[in-house]
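Structure below is my_file_3.txt: compact mmCIF, C-alpha atoms and all ligand atoms.
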```txt
# COMPACT_ATOMS: atom_id res chain seq x y z
CA MET A 1 145.32 134.33 73.55
CA LYS A 2 143.30 135.60 70.59
CA PHE A 3 139.98 133.78 70.12
CA THR A 4 140.12 132.82 66.43
CA HIS A 5 137.34 131.44 64.22
CA ILE A 6 139.07 128.07 64.39
CA THR A 7 139.18 127.91 68.18
CA LEU A 8 135.53 129.05 68.33
CA ALA A 9 134.54 126.33 65.85
CA CYS A 10 136.45 123.74 67.90
CA ALA A 11 134.77 124.87 71.11
CA LEU A 12 131.35 124.63 69.49
CA ALA A 13 132.04 121.21 68.06
CA LEU A 14 133.11 119.98 71.46
CA SER A 15 130.31 121.43 73.52
CA GLY A 16 127.50 121.90 71.01
CA THR A 17 126.86 125.18 72.76
CA LEU A 18 125.99 128.53 71.23
CA ALA A 19 124.56 131.16 73.59
CA GLY A 20 123.46 128.34 75.91
CA ALA A 21 121.98 126.17 73.15
CA GLN A 22 122.73 122.47 73.50
CA THR A 23 121.81 120.71 70.29
CA THR A 24 124.42 117.99 69.98
CA GLY A 25 125.91 115.49 72.39
CA LYS A 26 123.97 113.17 74.60
CA LEU A 27 120.58 114.13 76.00
CA LYS A 28 120.52 113.19 79.67
CA VAL A 29 117.25 111.60 80.80
CA GLY A 30 116.64 111.15 84.53
CA LEU A 31 114.35 108.16 85.03
CA MET A 32 112.80 108.28 88.49
CA LEU A 33 110.59 105.22 88.91
CA PRO A 34 109.85 102.57 91.54
CA ALA A 35 112.06 99.45 91.26
CA THR A 36 110.91 98.05 94.61
CA GLY A 37 107.61 97.85 96.51
CA THR A 38 104.00 97.43 95.43
CA PHE A 39 104.49 99.53 92.23
CA ALA A 40 107.80 97.93 91.10
CA SER A 41 106.32 96.13 88.07
CA LEU A 42 104.64 99.38 86.96
CA GLY A 43 108.03 101.11 86.95
CA THR A 44 109.54 98.34 84.82
CA ALA A 45 106.73 98.51 82.25
CA ILE A 46 107.11 102.32 81.97
CA GLU A 47 110.86 102.05 81.43
CA ASN A 48 110.39 99.26 78.87
CA GLY A 49 107.89 101.35 76.92
CA PHE A 50 110.08 104.46 77.06
CA ARG A 51 113.14 102.56 75.82
CA LEU A 52 111.13 100.85 73.07
CA HIS A 53 110.28 104.15 71.41
CA ILE A 54 113.89 105.35 71.64
CA ALA A 55 115.09 102.05 70.12
CA GLU A 56 112.58 102.46 67.27
CA GLN A 57 114.19 105.84 66.57
CA GLY A 58 117.63 104.23 66.30
CA GLY A 59 118.65 105.21 69.85
CA LYS A 60 118.49 108.97 69.11
CA LEU A 61 115.90 111.74 69.38
CA ALA A 62 116.38 114.84 67.20
CA GLY A 63 119.86 113.54 66.40
CA ARG A 64 120.88 113.27 70.05
CA GLU A 65 121.86 110.02 71.71
CA ILE A 66 120.03 109.33 74.96
CA GLU A 67 121.92 108.73 78.19
CA PHE A 68 119.95 107.40 81.15
CA PHE A 69 120.40 108.21 84.85
CA LYS A 70 118.22 106.11 87.13
CA VAL A 71 116.85 106.30 90.68
CA ASP A 72 114.60 103.81 92.50
CA ASP A 73 112.09 106.17 94.15
CA GLU A 74 110.55 103.31 96.21
CA SER A 75 107.18 105.09 95.88
CA ASP A 76 108.28 107.01 98.96
CA PRO A 77 107.25 110.68 99.01
CA SER A 78 109.56 111.41 101.97
CA LYS A 79 112.63 110.67 99.78
CA ALA A 80 111.30 112.22 96.60
CA VAL A 81 112.74 115.76 96.76
CA ASP A 82 116.23 114.36 97.54
CA ASN A 83 115.99 111.80 94.74
CA ALA A 84 114.85 114.31 92.13
CA THR A 85 117.42 116.88 93.28
CA LYS A 86 120.22 114.30 92.86
CA LEU A 87 119.21 113.75 89.25
CA VAL A 88 119.03 117.48 88.54
CA SER A 89 122.01 118.82 90.54
CA ARG A 90 124.45 115.90 90.60
CA ASP A 91 123.71 114.18 87.28
CA LYS A 92 122.65 117.38 85.49
CA VAL A 93 119.83 115.68 83.57
CA ASP A 94 118.13 117.62 80.77
CA VAL A 95 114.73 116.09 81.48
CA LEU A 96 113.13 114.25 84.38
CA VAL A 97 110.81 111.33 83.56
CA GLY A 98 108.75 109.95 86.44
CA THR A 99 106.94 108.60 88.25
CA VAL A 100 104.17 106.16 89.34
CA HIS A 101 103.10 107.42 92.81
CA SER A 102 101.14 110.70 92.99
CA GLY A 103 102.84 111.93 96.17
CA VAL A 104 106.30 111.36 94.67
CA ALA A 105 105.25 113.04 91.41
CA MET A 106 104.14 116.18 93.24
CA ALA A 107 107.60 116.42 94.85
CA MET A 108 109.17 115.98 91.39
CA ALA A 109 106.95 118.77 90.03
CA LYS A 110 108.17 121.05 92.83
CA VAL A 111 111.83 120.30 92.00
CA ALA A 112 111.11 120.75 88.27
CA LYS A 113 109.51 124.14 88.98
CA ASP A 114 112.25 125.31 91.35
CA THR A 115 115.05 124.36 88.92
CA GLY A 116 113.33 124.95 85.56
CA THR A 117 113.93 121.32 84.55
CA MET A 118 111.67 119.71 81.96
CA LEU A 119 109.40 117.01 83.49
CA ILE A 120 107.28 114.36 81.78
CA VAL A 121 105.06 112.29 84.10
CA PRO A 122 104.46 108.79 82.63
CA ASN A 123 101.86 107.60 85.18
CA ALA A 124 101.11 109.40 88.46
CA GLY A 125 97.67 110.98 88.18
CA ALA A 126 97.99 113.68 90.90
CA ASP A 127 95.47 116.26 89.71
CA ALA A 128 97.73 119.11 90.87
CA VAL A 129 100.54 118.21 88.44
CA THR A 130 98.41 119.54 85.59
CA GLY A 131 96.30 121.68 87.93
CA ALA A 132 97.57 124.05 90.61
CA MET A 133 101.22 123.03 90.02
CA CYS A 134 101.08 123.26 86.22
CA ALA A 135 103.98 124.88 84.39
CA PRO A 136 105.06 125.44 80.79
CA HIS A 137 107.78 122.74 81.14
CA ILE A 138 105.67 120.07 82.97
CA PHE A 139 103.76 117.47 80.91
CA ARG A 140 101.90 114.22 81.51
CA SER A 141 101.62 111.27 79.08
CA SER A 142 99.16 109.30 81.24
CA PHE A 143 95.94 110.62 82.89
CA SER A 144 94.73 112.68 85.83
CA ASN A 145 93.24 110.72 88.74
CA TRP A 146 90.00 112.55 88.04
CA GLN A 147 89.63 111.10 84.51
CA PRO A 148 88.96 107.33 84.98
CA GLY A 149 87.04 108.05 88.19
CA TYR A 150 84.74 110.58 86.52
CA ALA A 151 84.08 108.23 83.58
CA MET A 152 83.16 105.40 85.96
CA GLY A 153 80.77 107.67 87.91
CA GLU A 154 78.74 108.14 84.73
CA VAL A 155 78.89 104.43 83.84
CA MET A 156 77.73 103.20 87.25
CA ALA A 157 74.86 105.71 87.36
CA LYS A 158 73.75 104.57 83.89
CA ARG A 159 73.89 100.95 85.05
CA GLY A 160 71.27 101.86 87.64
CA HIS A 161 73.36 101.77 90.83
CA LYS A 162 72.09 104.20 93.47
CA ASN A 163 74.05 103.62 96.70
CA VAL A 164 77.76 103.00 96.46
CA VAL A 165 80.61 102.45 98.91
CA THR A 166 84.10 103.51 97.86
CA ILE A 167 87.34 101.96 99.07
CA THR A 168 90.92 103.01 98.36
CA TRP A 169 94.32 103.91 99.74
CA LYS A 170 94.41 107.17 101.70
CA TYR A 171 96.70 109.29 99.53
CA ALA A 172 96.35 111.71 96.62
CA ALA A 173 95.61 109.09 93.93
CA GLY A 174 92.94 107.29 95.96
CA ASP A 175 91.33 110.47 97.25
CA GLU A 176 91.22 112.09 93.81
CA SER A 177 90.01 109.01 92.01
CA VAL A 178 87.09 108.76 94.46
CA ARG A 179 86.44 112.50 94.17
CA GLY A 180 86.22 112.27 90.36
CA PHE A 181 83.91 109.26 90.66
CA LYS A 182 81.69 110.98 93.22
CA GLU A 183 81.42 114.18 91.15
CA ALA A 184 79.96 112.34 88.15
CA PHE A 185 77.97 109.72 90.12
CA GLU A 186 76.20 112.20 92.39
CA LYS A 187 75.58 114.62 89.48
CA SER A 188 73.72 111.72 87.84
CA GLY A 189 71.58 111.07 90.92
CA GLY A 190 73.63 108.42 92.79
CA LYS A 191 74.83 108.63 96.39
CA VAL A 192 78.18 107.64 97.90
CA VAL A 193 77.03 106.24 101.25
CA LYS A 194 80.43 105.42 102.75
CA GLU A 195 84.05 106.26 101.88
CA LEU A 196 86.51 103.68 103.20
CA ALA A 197 90.29 104.01 103.09
CA LEU A 198 93.48 102.55 104.50
CA PRO A 199 97.02 103.95 104.48
CA PHE A 200 99.23 103.35 101.39
CA PRO A 201 100.55 100.65 100.78
CA ASN A 202 98.69 98.68 103.48
CA VAL A 203 96.85 95.55 102.25
CA GLU A 204 95.06 94.42 105.43
CA PHE A 205 91.58 94.67 103.87
CA GLN A 206 89.55 92.32 106.11
CA ALA A 207 88.06 94.87 108.54
CA LEU A 208 86.98 97.12 105.67
CA LEU A 209 85.48 94.21 103.74
CA THR A 210 83.39 93.42 106.81
CA GLU A 211 82.15 97.04 106.80
CA ILE A 212 81.19 96.73 103.12
CA ALA A 213 79.23 93.54 103.81
CA ALA A 214 77.39 95.26 106.67
CA ALA A 215 76.58 98.40 104.59
CA LYS A 216 75.04 96.29 101.77
CA PRO A 217 75.50 98.92 99.01
CA ASP A 218 74.35 98.35 95.40
CA ALA A 219 77.97 98.35 94.28
CA VAL A 220 81.55 99.27 95.22
CA TYR A 221 83.94 101.67 93.45
CA THR A 222 87.65 101.28 94.10
CA PHE A 223 91.13 102.55 93.26
CA PHE A 224 94.02 100.15 93.86
CA ALA A 225 96.99 99.32 91.64
CA GLY A 226 99.95 96.95 91.40
CA GLY A 227 100.45 94.37 94.17
CA GLY A 228 97.70 95.97 96.29
CA ALA A 229 95.16 95.55 93.46
CA VAL A 230 96.01 91.86 93.14
CA LYS A 231 95.40 91.26 96.83
CA PHE A 232 92.24 93.39 96.98
CA VAL A 233 90.52 91.55 94.11
CA LYS A 234 91.43 88.18 95.61
CA ASP A 235 90.32 89.18 99.12
CA TYR A 236 87.03 90.66 97.80
CA ALA A 237 86.18 87.38 96.10
CA GLY A 238 87.51 85.34 99.03
CA ALA A 239 85.18 87.19 101.42
CA GLY A 240 82.22 86.10 99.27
CA LEU A 241 81.44 89.68 98.21
CA LYS A 242 82.01 89.37 94.46
CA ILE A 243 78.81 87.41 93.89
CA LYS A 244 76.74 89.72 96.13
CA ILE A 245 77.97 93.28 95.53
CA PRO A 246 79.38 94.19 92.09
CA LEU A 247 82.91 95.58 92.20
CA TYR A 248 84.02 98.35 89.81
CA GLY A 249 87.21 100.35 89.60
CA ALA A 250 89.54 102.70 87.85
CA GLY A 251 91.27 100.36 85.37
CA PHE A 252 94.48 100.05 87.39
CA LEU A 253 92.56 97.49 89.47
CA THR A 254 92.98 94.92 86.69
CA ASP A 255 95.85 96.22 84.52
CA GLY A 256 99.12 94.30 84.60
CA THR A 257 97.57 92.14 87.34
CA LEU A 258 95.36 89.55 85.61
CA GLU A 259 97.83 86.62 85.69
CA ALA A 260 98.04 86.92 89.48
CA GLN A 261 94.32 87.63 90.04
CA GLY A 262 93.14 84.64 87.98
CA ALA A 263 89.42 83.87 87.98
CA ASP A 264 88.78 86.29 90.87
CA ALA A 265 89.02 89.16 88.34
CA ASP A 266 86.71 87.59 85.74
CA GLY A 267 83.80 89.81 84.75
CA LEU A 268 84.99 92.97 86.54
CA PHE A 269 84.23 96.29 84.82
CA THR A 270 86.76 99.12 84.91
CA THR A 271 87.37 102.42 83.09
CA LEU A 272 90.72 103.38 81.60
CA HIS A 273 92.42 105.04 78.63
CA TYR A 274 93.72 101.70 77.31
CA ALA A 275 92.38 98.16 76.78
CA ASP A 276 93.88 94.86 75.61
CA SER A 277 91.68 94.31 72.60
CA LEU A 278 91.67 97.58 70.69
CA ASN A 279 92.71 95.76 67.50
CA THR A 280 93.89 98.89 65.70
CA PRO A 281 96.92 98.60 63.40
CA ARG A 282 98.80 101.08 65.65
CA ASP A 283 98.16 99.09 68.80
CA GLN A 284 98.87 95.76 67.15
CA ALA A 285 102.25 97.02 65.89
CA PHE A 286 103.10 98.31 69.37
CA ARG A 287 102.06 95.08 71.09
CA LEU A 288 104.05 92.99 68.67
CA ALA A 289 107.19 95.14 69.05
CA TYR A 290 106.85 95.15 72.85
CA ALA A 291 106.34 91.38 73.05
CA LYS A 292 109.33 90.81 70.77
CA ALA A 293 111.60 93.12 72.77
CA TYR A 294 110.63 92.03 76.29
CA LYS A 295 108.87 88.62 75.95
CA LEU A 296 105.95 90.18 77.83
CA GLN A 297 102.52 91.54 76.98
CA PRO A 298 102.29 95.33 77.40
CA ASP A 299 99.87 97.04 79.76
CA VAL A 300 98.71 100.62 80.29
CA TYR A 301 101.98 101.51 82.05
CA ALA A 302 104.06 100.36 79.07
CA VAL A 303 101.88 102.51 76.78
CA GLN A 304 102.33 105.57 79.01
CA GLY A 305 106.13 105.09 79.05
CA TYR A 306 106.16 104.73 75.26
CA ASP A 307 104.08 107.88 74.88
CA ALA A 308 106.30 109.84 77.30
CA ALA A 309 109.16 109.11 74.87
CA GLN A 310 106.94 110.03 71.91
CA MET A 311 106.12 113.38 73.56
CA LEU A 312 109.81 114.04 74.22
CA SER A 313 110.46 113.15 70.59
CA VAL A 314 107.84 115.61 69.27
CA GLY A 315 109.05 118.46 71.51
CA LEU A 316 112.74 117.87 70.74
CA ALA A 317 112.15 117.68 66.99
CA ALA A 318 110.46 121.10 67.12
CA VAL A 319 113.47 122.68 68.87
CA LYS A 320 116.04 120.70 66.85
CA GLY A 321 117.35 119.02 69.98
CA ASP A 322 117.73 122.22 72.03
CA ILE A 323 115.67 121.40 75.11
CA SER A 324 116.40 124.82 76.63
CA LYS A 325 113.81 126.27 74.19
CA LYS A 326 110.93 125.49 76.52
CA THR A 327 108.35 127.81 74.99
CA GLU A 328 108.77 126.31 71.51
CA PHE A 329 108.90 122.79 72.98
CA ALA A 330 105.56 123.37 74.75
CA ALA A 331 103.96 125.04 71.71
CA ALA A 332 104.79 121.98 69.59
CA LEU A 333 103.21 119.60 72.10
CA ARG A 334 100.07 121.70 72.47
CA LYS A 335 99.55 121.47 68.71
CA ALA A 336 100.47 117.78 68.45
CA LYS A 337 98.33 114.72 68.04
CA ILE A 338 100.21 111.88 69.73
CA ASP A 339 99.91 108.65 67.74
CA SER A 340 99.48 106.44 70.79
CA PRO A 341 98.69 102.70 70.90
CA ARG A 342 95.68 103.74 73.05
CA GLY A 343 94.37 105.83 70.12
CA PRO A 344 95.44 109.35 69.14
CA PHE A 345 95.34 111.97 71.87
CA THR A 346 96.00 115.69 72.18
CA ILE A 347 97.51 117.70 75.05
CA SER A 348 95.32 120.14 76.99
CA ALA A 349 96.29 123.72 77.84
CA SER A 350 97.39 122.43 81.26
CA HIS A 351 99.46 119.64 79.56
CA ASN A 352 97.35 116.55 80.38
CA PRO A 353 96.13 114.07 77.70
CA VAL A 354 92.67 114.69 76.25
CA GLN A 355 91.68 111.11 75.54
CA ASP A 356 88.98 108.49 75.17
CA ILE A 357 88.22 106.48 78.31
CA TYR A 358 87.23 102.88 77.58
CA LEU A 359 84.82 100.72 79.56
CA ARG A 360 86.56 97.36 79.86
CA GLN A 361 85.47 93.97 81.16
CA VAL A 362 87.83 91.21 82.25
CA GLY A 363 87.53 87.95 80.30
CA ALA A 364 90.07 85.26 79.35
CA LYS A 365 92.87 87.16 81.14
CA GLU A 366 92.28 90.34 79.12
CA ASN A 367 90.79 93.77 79.76
CA LYS A 368 88.47 93.77 76.75
CA SER A 369 87.01 97.09 75.62
CA THR A 370 83.21 97.05 75.54
CA GLY A 371 83.18 100.57 74.02
CA ILE A 372 84.08 104.16 74.83
CA ALA A 373 82.68 105.34 78.17
CA SER A 374 83.77 108.95 77.73
CA LYS A 375 84.90 110.43 74.41
CA ALA A 376 87.89 112.84 74.38
CA LEU A 377 87.63 113.41 78.13
CA ALA A 378 89.62 116.48 79.25
CA ASP A 379 90.66 116.97 82.85
CA PRO A 380 89.27 120.33 84.07
CA GLY A 381 92.81 121.48 85.01
CA ARG A 382 91.48 123.17 88.12
CA GLY A 383 93.81 125.80 89.55
CA CYS A 384 96.18 125.83 86.56
CA ARG A 385 97.43 129.34 85.65
CA MET A 386 100.04 129.44 82.92
C1 LIG A 401 99.19 107.25 91.45
O1 LIG A 401 99.72 107.24 92.57
O2 LIG A 401 98.88 108.31 90.88
C2 LIG A 401 98.92 105.96 90.74
C3 LIG A 401 99.60 104.83 91.09
C4 LIG A 401 99.36 103.65 90.39
C5 LIG A 401 98.44 103.61 89.37
C6 LIG A 401 97.74 104.75 89.04
C7 LIG A 401 97.97 105.94 89.72
```
Re-express the file's structure as structure tokens.
Ligand code: BEZ
Amino acid sequence: MKFTHITLACALALSGTLAGAQTTGKLKVGLMLPATGTFASLGTAIENGFRLHIAEQGGKLAGREIEFFKVDDESDPSKAVDNATKLVSRDKVDVLVGTVHSGVAMAMAKVAKDTGTMLIVPNAGADAVTGAMCAPHIFRSSFSNWQPGYAMGEVMAKRGHKNVVTITWKYAAGDESVRGFKEAFEKSGGKVVKELALPFPNVEFQALLTEIAAAKPDAVYTFFAGGGAVKFVKDYAGAGLKIKIPLYGAGFLTDGTLEAQGADADGLFTTLHYADSLNTPRDQAFRLAYAKAYKLQPDVYAVQGYDAAQMLSVGLAAVKGDISKKTEFAAALRKAKIDSPRGPFTISASHNPVQDIYLRQVGAKENKSTGIASKALADPGRGCRM
């Protein structure tokens, strides 16, 4: 059969394809997030935020409807390569969006690199994702584990603390958060006298709390999140430590957790790239829209999900919906200023947000900003070669 102009036009209309370009039809988004386990509520907030931005754009980005494919990753690194591969090979997603847990995110980054699939990480802070594993088609809308930790190292040194004990889960996020903290704290003259850790997602804290009491440090720095953060804050207060040894943390310690932590969280200082009381028109509009859509108050995870969709939106607009144009997609994001509820941020050369880190204090069930701890803090992107 002769291939006429008419049959060619029909074929293009059906597939939206010209020399591999896919600019019409649905854009397949693979959402890989935890729906069960200690990080389940974080996964829900990220998905809510992501969907909110799409809904605000009328359900389409760059003229393409969005079709979702979902996997519960259970925050389990041992299942992560299989889960991500299913989304890429079976469901043929155009972009992977995930996840919360650093170990799972590193497996997703490996699959994204091996298959050339676009990846946007809406939480997990694994330094390597925008460090040694960086790639032109891998982006993060959240933070590196180093960022809030480093900011808190400077804050605690300025507050006059000299000897600090750290406590966290023994996995990439905990290790890297403590490393970032220690880098800044010891540079400023402080000393980390003991580093305590327990396996993720274990919440049997009593033995370690006894060690903290015996060590009598000036203060404690911690990284916990989700259900584990709720229990840690309650156990710390319950052991009588809160009134004796000030507790500080990366802001995940008190974000999305305050209802459950109650008065045990009151007064705690944390560092993070979002706070509840920013009172900017942008944040107020976001909070109102989120509360209206989900009958819930947003938290940092909701913001990161929303901004992952905003980043996808910016990149797709630049390539007119053709996500195969990865170089142009990346160039657009590197030039962009993302209009985030947290405040505007830019994307570093290794594709991590360059952003203000707030010092927040818990009061009246809110993480209230007491000011900016670190202005436009950029992750060093160690090991990234692009
Ligand atoms: C992480 O594993 O990178 C992570 C998990 C929860 C909150 C923040 C970071």
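A straight line drawn from atom CA of A:Asp322 to atom CA of A:His53 is 19.6 Å long.
Comparing the minimum interatomic distances between A:Leu278 and each of A:Val93, A:Ile372, A:Val319, A:Ala40, counting all atoms listed in the file, we find that A:Ile372 sits nearest.
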### Task
With all atoms listed in the file counted, collect every polymer residue having an atom within 9 Å of ligand LIG 401 (chain A); state the result as a PyMOL selection string.
chain A and resi 39+42+75+99-105+123-127+143-145+171-174+177+223-226+250-253+301
### Query
Which one of A:Leu96, A:Trp169, A:Lys320, A:Asp235 sits closest to A:Gly63 if you count all atoms listed in the file?
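Closest to A:Gly63 of all the choices is A:Lys320.
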### Task
Extract, using only C-alpha atoms, all DNA, RNA and protein residues at most 12 Å from A:Asn83, discarding same-chain residues fewer than 2 positions from it, and format them as a PyMOL selection string.
chain A and resi 30-34+69-81+85-91+96+98-99+104-105+107-108+111
N, CA and C atoms are needed for stretch 252-278 of chain A; please write them out as a PDB file, in the coordinates of the input.
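Output (part25.pdb):
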```pdb
ATOM      1  N   PHE A 252      93.243 100.550  86.784  1.00  0.00           N
ATOM      2  CA  PHE A 252      94.480 100.050  87.390  1.00  0.00           C
ATOM      3  C   PHE A 252      94.218  98.805  88.232  1.00  0.00           C
ATOM      4  N   LEU A 253      92.955  98.643  88.645  1.00  0.00           N
ATOM      5  CA  LEU A 253      92.560  97.490  89.470  1.00  0.00           C
ATOM      6  C   LEU A 253      92.884  96.172  88.767  1.00  0.00           C
ATOM      7  N   THR A 254      92.809  96.180  87.426  1.00  0.00           N
ATOM      8  CA  THR A 254      92.980  94.920  86.690  1.00  0.00           C
ATOM      9  C   THR A 254      94.024  95.024  85.576  1.00  0.00           C
ATOM     10  N   ASP A 255      94.859  96.068  85.600  1.00  0.00           N
ATOM     11  CA  ASP A 255      95.850  96.220  84.520  1.00  0.00           C
ATOM     12  C   ASP A 255      97.223  95.770  84.993  1.00  0.00           C
ATOM     13  N   GLY A 256      97.818  94.851  84.222  1.00  0.00           N
ATOM     14  CA  GLY A 256      99.120  94.300  84.600  1.00  0.00           C
ATOM     15  C   GLY A 256      99.012  93.331  85.773  1.00  0.00           C
ATOM     16  N   THR A 257      97.801  92.917  86.119  1.00  0.00           N
ATOM     17  CA  THR A 257      97.570  92.140  87.340  1.00  0.00           C
ATOM     18  C   THR A 257      96.823  90.824  87.078  1.00  0.00           C
ATOM     19  N   LEU A 258      96.340  90.621  85.853  1.00  0.00           N
ATOM     20  CA  LEU A 258      95.360  89.550  85.610  1.00  0.00           C
ATOM     21  C   LEU A 258      95.920  88.143  85.806  1.00  0.00           C
ATOM     22  N   GLU A 259      97.209  87.941  85.466  1.00  0.00           N
ATOM     23  CA  GLU A 259      97.830  86.620  85.690  1.00  0.00           C
ATOM     24  C   GLU A 259      97.682  86.247  87.160  1.00  0.00           C
ATOM     25  N   ALA A 260      98.033  87.198  88.041  1.00  0.00           N
ATOM     26  CA  ALA A 260      98.040  86.920  89.480  1.00  0.00           C
ATOM     27  C   ALA A 260      96.629  86.868  90.062  1.00  0.00           C
ATOM     28  N   GLN A 261      95.688  87.593  89.477  1.00  0.00           N
ATOM     29  CA  GLN A 261      94.320  87.630  90.040  1.00  0.00           C
ATOM     30  C   GLN A 261      93.504  86.411  89.612  1.00  0.00           C
ATOM     31  N   GLY A 262      93.835  85.835  88.456  1.00  0.00           N
ATOM     32  CA  GLY A 262      93.140  84.640  87.980  1.00  0.00           C
ATOM     33  C   GLY A 262      91.639  84.867  87.867  1.00  0.00           C
ATOM     34  N   ALA A 263      90.876  83.825  88.176  1.00  0.00           N
ATOM     35  CA  ALA A 263      89.420  83.870  87.980  1.00  0.00           C
ATOM     36  C   ALA A 263      88.737  84.896  88.880  1.00  0.00           C
ATOM     37  N   ASP A 264      89.405  85.310  89.964  1.00  0.00           N
ATOM     38  CA  ASP A 264      88.780  86.290  90.870  1.00  0.00           C
ATOM     39  C   ASP A 264      88.512  87.630  90.182  1.00  0.00           C
ATOM     40  N   ALA A 265      89.231  87.891  89.059  1.00  0.00           N
ATOM     41  CA  ALA A 265      89.020  89.160  88.340  1.00  0.00           C
ATOM     42  C   ALA A 265      87.986  89.019  87.229  1.00  0.00           C
ATOM     43  N   ASP A 266      87.609  87.804  86.880  1.00  0.00           N
ATOM     44  CA  ASP A 266      86.710  87.590  85.740  1.00  0.00           C
ATOM     45  C   ASP A 266      85.425  88.407  85.872  1.00  0.00           C
ATOM     46  N   GLY A 267      85.068  89.088  84.791  1.00  0.00           N
ATOM     47  CA  GLY A 267      83.800  89.810  84.750  1.00  0.00           C
ATOM     48  C   GLY A 267      83.853  91.233  85.288  1.00  0.00           C
ATOM     49  N   LEU A 268      84.957  91.621  85.939  1.00  0.00           N
ATOM     50  CA  LEU A 268      84.990  92.970  86.540  1.00  0.00           C
ATOM     51  C   LEU A 268      85.003  94.056  85.463  1.00  0.00           C
ATOM     52  N   PHE A 269      84.265  95.128  85.723  1.00  0.00           N
ATOM     53  CA  PHE A 269      84.230  96.290  84.820  1.00  0.00           C
ATOM     54  C   PHE A 269      85.117  97.395  85.387  1.00  0.00           C
ATOM     55  N   THR A 270      85.923  97.977  84.506  1.00  0.00           N
ATOM     56  CA  THR A 270      86.760  99.120  84.910  1.00  0.00           C
ATOM     57  C   THR A 270      86.796 100.142  83.774  1.00  0.00           C
ATOM     58  N   THR A 271      87.219 101.366  84.114  1.00  0.00           N
ATOM     59  CA  THR A 271      87.370 102.420  83.090  1.00  0.00           C
ATOM     60  C   THR A 271      88.832 102.841  83.004  1.00  0.00           C
ATOM     61  N   LEU A 272      89.332 102.963  81.782  1.00  0.00           N
ATOM     62  CA  LEU A 272      90.720 103.380  81.600  1.00  0.00           C
ATOM     63  C   LEU A 272      90.952 103.844  80.159  1.00  0.00           C
ATOM     64  N   HIS A 273      92.082 104.501  79.956  1.00  0.00           N
ATOM     65  CA  HIS A 273      92.420 105.040  78.630  1.00  0.00           C
ATOM     66  C   HIS A 273      93.145 104.032  77.753  1.00  0.00           C
ATOM     67  N   TYR A 274      93.114 102.751  78.133  1.00  0.00           N
ATOM     68  CA  TYR A 274      93.720 101.700  77.310  1.00  0.00           C
ATOM     69  C   TYR A 274      92.931 100.412  77.576  1.00  0.00           C
ATOM     70  N   ALA A 275      93.004  99.486  76.614  1.00  0.00           N
ATOM     71  CA  ALA A 275      92.380  98.160  76.780  1.00  0.00           C
ATOM     72  C   ALA A 275      93.222  97.177  75.984  1.00  0.00           C
ATOM     73  N   ASP A 276      93.032  95.876  76.259  1.00  0.00           N
ATOM     74  CA  ASP A 276      93.880  94.860  75.610  1.00  0.00           C
ATOM     75  C   ASP A 276      93.432  94.496  74.209  1.00  0.00           C
ATOM     76  N   SER A 277      92.233  94.845  73.851  1.00  0.00           N
ATOM     77  CA  SER A 277      91.680  94.310  72.600  1.00  0.00           C
ATOM     78  C   SER A 277      91.260  95.423  71.664  1.00  0.00           C
ATOM     79  N   LEU A 278      92.077  96.447  71.534  1.00  0.00           N
ATOM     80  CA  LEU A 278      91.670  97.580  70.690  1.00  0.00           C
ATOM     81  C   LEU A 278      91.694  97.186  69.210  1.00  0.00           C
TER      82      LEU A 278
END
```
